[in-house]
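*Asks:* Have a look at this one before I ask anything.
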Amino acid sequence: MAAATTKKTARKKKDPNAPKRSLSAYMFFANEQRDIVRAENPGIAFGQIGKLLGEKWKALDEAGKAPYEAKAEADKKRYELEKSEYTKSQA
DNA sequence: ACTATGATTGTTGGG
DNA sequence: CCCAACAATCATAGT
């Protein structure tokens, strides 16, 4: 299997203005974990961190995700704004 | 109306 | 520079 291109996230602009998307709770969570996990695991490889993070992510309680979800919400609003322009411009 | 998809978001670390 | 697991997202299009 040489061709491991796996173009899952093939950057394909489908929208004219492409308001992009909003971040995910994971993105905010990762922002903190990146500091924590990596701090506790100095020199940890991305392969391990990725999986380890995911496990911990779900290991968190609702309250744990709360701050991250909250950020995701705020970010979504950010996207809404972009979309607003995008839709307007599109019309 | 509903569903399914696609595109995107950000992290890590190295060839 | 880009990729890949990891998770969420969630707006849009299509039927």
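Letters for chains follow the order of the structure tokens (A, B, ...), residue numbers begin at 1 for each chain, and ligand numbers begin at 1 in the order shown.
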What are the closest atom pairs, with distances in Å to one decimal, for all residues of range 4-81 of chain A lying within 12 Å of range 3-13 of chain C? Consider only C-alpha atoms (C1' of nucleotides), order rows by chain and residue number, and present the result as CSV.

*Replies:*
```
residue,atom,partner,partner_atom,distance
A:Ala4,CA,C:DC3,C1',9.3
A:Thr5,CA,C:DC3,C1',8.0
A:Thr6,CA,C:DA4,C1',8.7
A:Lys7,CA,C:DC3,C1',9.3
A:Lys8,CA,C:DA4,C1',10.0
A:Thr9,CA,C:DC3,C1',10.0
A:Ala10,CA,C:DC3,C1',11.2
A:Lys14,CA,C:DT12,C1',9.4
A:Asp15,CA,C:DT12,C1',8.9
A:Ala18,CA,C:DA11,C1',11.1
A:Pro19,CA,C:DA11,C1',10.1
A:Lys20,CA,C:DA11,C1',10.0
A:Arg21,CA,C:DT9,C1',7.8
A:Ser22,CA,C:DT9,C1',7.1
A:Leu23,CA,C:DT9,C1',7.5
A:Ser24,CA,C:DA8,C1',4.8
A:Ala25,CA,C:DA8,C1',6.1
A:Tyr26,CA,C:DA7,C1',5.6
A:Met27,CA,C:DA7,C1',8.3
A:Phe28,CA,C:DA8,C1',10.6
A:Phe29,CA,C:DA7,C1',9.9
A:Ala30,CA,C:DC6,C1',9.5
A:Ala45,CA,C:DA5,C1',11.9
A:Phe46,CA,C:DA5,C1',8.8
A:Gly47,CA,C:DA5,C1',7.0
A:Gln48,CA,C:DA5,C1',9.2
A:Ile49,CA,C:DC6,C1',8.9
A:Gly50,CA,C:DC6,C1',5.3
A:Lys51,CA,C:DC6,C1',6.0
A:Leu52,CA,C:DC6,C1',8.5
A:Leu53,CA,C:DC6,C1',7.0
A:Gly54,CA,C:DC6,C1',5.1
A:Glu55,CA,C:DC6,C1',8.6
A:Lys56,CA,C:DC6,C1',10.5
A:Trp57,CA,C:DA7,C1',8.3
A:Lys58,CA,C:DA7,C1',9.0
A:Lys65,CA,C:DA8,C1',11.3
A:Tyr68,CA,C:DA8,C1',10.7
A:Glu69,CA,C:DA8,C1',9.3
A:Ala72,CA,C:DT9,C1',8.8
A:Glu73,CA,C:DT9,C1',10.0
A:Asp75,CA,C:DT9,C1',10.7
A:Lys76,CA,C:DT9,C1',8.6
A:Lys77,CA,C:DC10,C1',11.9
A:Tyr79,CA,C:DA11,C1',10.2
A:Glu80,CA,C:DA11,C1',9.7
```

*Asks:* Contacts from chain B to chain A, 12 Å maximum, only C-alpha atoms (C1' of nucleotides): show me the residue list as an MDAnalysis selection string.

*Replies:* chainID B and resid 6:14

*Asks:* Enumerate as a PDB file with N, CA and C atoms, in the first residue's frame all residues of range 39-79 of chain A assigned to helix (DSSP H, G or I) by DSSP on the backbone, naming them with the chain letters and numbers the document uses.

*Replies:*
```pdb
ATOM      1  N   ALA A  39       3.589  18.036  28.641  1.00  0.00           N
ATOM      2  CA  ALA A  39       4.395  18.410  29.807  1.00  0.00           C
ATOM      3  C   ALA A  39       4.637  17.169  30.658  1.00  0.00           C
ATOM      4  N   GLU A  40       3.618  16.316  30.744  1.00  0.00           N
ATOM      5  CA  GLU A  40       3.774  15.106  31.555  1.00  0.00           C
ATOM      6  C   GLU A  40       4.510  14.039  30.766  1.00  0.00           C
ATOM      7  N   PHE A  46       3.598  11.990  18.545  1.00  0.00           N
ATOM      8  CA  PHE A  46       2.248  12.372  18.159  1.00  0.00           C
ATOM      9  C   PHE A  46       1.350  11.121  18.103  1.00  0.00           C
ATOM     10  N   GLY A  47       1.890  10.019  17.626  1.00  0.00           N
ATOM     11  CA  GLY A  47       1.098   8.793  17.526  1.00  0.00           C
ATOM     12  C   GLY A  47       0.515   8.402  18.870  1.00  0.00           C
ATOM     13  N   GLN A  48       1.286   8.586  19.929  1.00  0.00           N
ATOM     14  CA  GLN A  48       0.802   8.199  21.260  1.00  0.00           C
ATOM     15  C   GLN A  48      -0.091   9.290  21.822  1.00  0.00           C
ATOM     16  N   ILE A  49       0.339  10.509  21.681  1.00  0.00           N
ATOM     17  CA  ILE A  49      -0.430  11.644  22.222  1.00  0.00           C
ATOM     18  C   ILE A  49      -1.841  11.666  21.641  1.00  0.00           C
ATOM     19  N   GLY A  50      -1.924  11.525  20.339  1.00  0.00           N
ATOM     20  CA  GLY A  50      -3.228  11.565  19.671  1.00  0.00           C
ATOM     21  C   GLY A  50      -4.196  10.604  20.335  1.00  0.00           C
ATOM     22  N   LYS A  51      -3.802   9.346  20.417  1.00  0.00           N
ATOM     23  CA  LYS A  51      -4.696   8.347  21.012  1.00  0.00           C
ATOM     24  C   LYS A  51      -4.912   8.639  22.487  1.00  0.00           C
ATOM     25  N   LEU A  52      -3.835   8.933  23.171  1.00  0.00           N
ATOM     26  CA  LEU A  52      -3.936   9.217  24.605  1.00  0.00           C
ATOM     27  C   LEU A  52      -4.891  10.381  24.838  1.00  0.00           C
ATOM     28  N   LEU A  53      -4.762  11.380  24.023  1.00  0.00           N
ATOM     29  CA  LEU A  53      -5.627  12.548  24.165  1.00  0.00           C
ATOM     30  C   LEU A  53      -7.091  12.147  24.003  1.00  0.00           C
ATOM     31  N   GLY A  54      -7.379  11.471  22.954  1.00  0.00           N
ATOM     32  CA  GLY A  54      -8.754  11.056  22.685  1.00  0.00           C
ATOM     33  C   GLY A  54      -9.334  10.317  23.878  1.00  0.00           C
ATOM     34  N   GLU A  55      -8.561   9.430  24.446  1.00  0.00           N
ATOM     35  CA  GLU A  55      -9.061   8.664  25.591  1.00  0.00           C
ATOM     36  C   GLU A  55      -9.384   9.606  26.747  1.00  0.00           C
ATOM     37  N   LYS A  56      -8.448  10.475  27.033  1.00  0.00           N
ATOM     38  CA  LYS A  56      -8.656  11.414  28.143  1.00  0.00           C
ATOM     39  C   LYS A  56      -9.816  12.352  27.833  1.00  0.00           C
ATOM     40  N   TRP A  57      -9.893  12.725  26.593  1.00  0.00           N
ATOM     41  CA  TRP A  57     -10.949  13.676  26.192  1.00  0.00           C
ATOM     42  C   TRP A  57     -12.314  13.145  26.640  1.00  0.00           C
ATOM     43  N   LYS A  58     -12.571  11.905  26.283  1.00  0.00           N
ATOM     44  CA  LYS A  58     -13.858  11.311  26.659  1.00  0.00           C
ATOM     45  C   LYS A  58     -13.867  10.977  28.134  1.00  0.00           C
ATOM     46  N   ALA A  59     -12.705  10.772  28.680  1.00  0.00           N
ATOM     47  CA  ALA A  59     -12.609  10.450  30.105  1.00  0.00           C
ATOM     48  C   ALA A  59     -13.094  11.645  30.915  1.00  0.00           C
ATOM     49  N   GLU A  62     -18.778  15.843  31.786  1.00  0.00           N
ATOM     50  CA  GLU A  62     -19.450  16.906  31.040  1.00  0.00           C
ATOM     51  C   GLU A  62     -18.861  18.255  31.433  1.00  0.00           C
ATOM     52  N   ALA A  63     -18.677  18.406  32.709  1.00  0.00           N
ATOM     53  CA  ALA A  63     -18.115  19.662  33.207  1.00  0.00           C
ATOM     54  C   ALA A  63     -16.729  19.858  32.615  1.00  0.00           C
ATOM     55  N   GLY A  64     -16.050  18.754  32.394  1.00  0.00           N
ATOM     56  CA  GLY A  64     -14.705  18.856  31.842  1.00  0.00           C
ATOM     57  C   GLY A  64     -14.742  19.405  30.436  1.00  0.00           C
ATOM     58  N   LYS A  65     -15.678  18.901  29.654  1.00  0.00           N
ATOM     59  CA  LYS A  65     -15.788  19.381  28.268  1.00  0.00           C
ATOM     60  C   LYS A  65     -16.443  20.750  28.242  1.00  0.00           C
ATOM     61  N   ALA A  66     -17.217  21.022  29.252  1.00  0.00           N
ATOM     62  CA  ALA A  66     -17.946  22.295  29.325  1.00  0.00           C
ATOM     63  C   ALA A  66     -17.119  23.460  28.795  1.00  0.00           C
ATOM     64  N   PRO A  67     -15.987  23.755  29.401  1.00  0.00           N
ATOM     65  CA  PRO A  67     -15.178  24.896  28.953  1.00  0.00           C
ATOM     66  C   PRO A  67     -14.793  24.775  27.494  1.00  0.00           C
ATOM     67  N   TYR A  68     -14.525  23.565  27.059  1.00  0.00           N
ATOM     68  CA  TYR A  68     -14.128  23.386  25.653  1.00  0.00           C
ATOM     69  C   TYR A  68     -15.356  23.559  24.762  1.00  0.00           C
ATOM     70  N   GLU A  69     -16.451  22.959  25.198  1.00  0.00           N
ATOM     71  CA  GLU A  69     -17.675  23.085  24.393  1.00  0.00           C
ATOM     72  C   GLU A  69     -18.076  24.556  24.315  1.00  0.00           C
ATOM     73  N   ALA A  70     -17.912  25.217  25.451  1.00  0.00           N
ATOM     74  CA  ALA A  70     -18.274  26.637  25.484  1.00  0.00           C
ATOM     75  C   ALA A  70     -17.478  27.378  24.421  1.00  0.00           C
ATOM     76  N   LYS A  71     -16.220  27.043  24.347  1.00  0.00           N
ATOM     77  CA  LYS A  71     -15.371  27.705  23.346  1.00  0.00           C
ATOM     78  C   LYS A  71     -15.857  27.349  21.957  1.00  0.00           C
ATOM     79  N   ALA A  72     -16.196  26.095  21.788  1.00  0.00           N
ATOM     80  CA  ALA A  72     -16.670  25.633  20.483  1.00  0.00           C
ATOM     81  C   ALA A  72     -17.902  26.446  20.102  1.00  0.00           C
ATOM     82  N   GLU A  73     -18.723  26.693  21.082  1.00  0.00           N
ATOM     83  CA  GLU A  73     -19.940  27.465  20.805  1.00  0.00           C
ATOM     84  C   GLU A  73     -19.566  28.866  20.339  1.00  0.00           C
ATOM     85  N   ALA A  74     -18.709  29.465  21.099  1.00  0.00           N
ATOM     86  CA  ALA A  74     -18.277  30.821  20.758  1.00  0.00           C
ATOM     87  C   ALA A  74     -17.662  30.827  19.369  1.00  0.00           C
ATOM     88  N   ASP A  75     -16.873  29.824  19.094  1.00  0.00           N
ATOM     89  CA  ASP A  75     -16.227  29.766  17.782  1.00  0.00           C
ATOM     90  C   ASP A  75     -17.273  29.587  16.697  1.00  0.00           C
ATOM     91  N   LYS A  76     -18.246  28.798  16.992  1.00  0.00           N
ATOM     92  CA  LYS A  76     -19.313  28.568  16.011  1.00  0.00           C
ATOM     93  C   LYS A  76     -19.957  29.907  15.666  1.00  0.00           C
ATOM     94  N   LYS A  77     -20.178  30.691  16.673  1.00  0.00           N
ATOM     95  CA  LYS A  77     -20.791  31.997  16.435  1.00  0.00           C
ATOM     96  C   LYS A  77     -19.901  32.787  15.488  1.00  0.00           C
ATOM     97  N   ARG A  78     -18.628  32.615  15.714  1.00  0.00           N
ATOM     98  CA  ARG A  78     -17.652  33.304  14.858  1.00  0.00           C
ATOM     99  C   ARG A  78     -17.933  32.897  13.409  1.00  0.00           C
ATOM    100  N   TYR A  79     -18.096  31.618  13.232  1.00  0.00           N
ATOM    101  CA  TYR A  79     -18.361  31.101  11.894  1.00  0.00           C
ATOM    102  C   TYR A  79     -19.684  31.655  11.374  1.00  0.00           C
TER     103      TYR A  79
END
```

*Asks:* Please indicate the distance in Å from C1' of DC1 in chain C to CA of Asn41 in chain A, rounded to one decimal place.

*Replies:* 26.5 Å
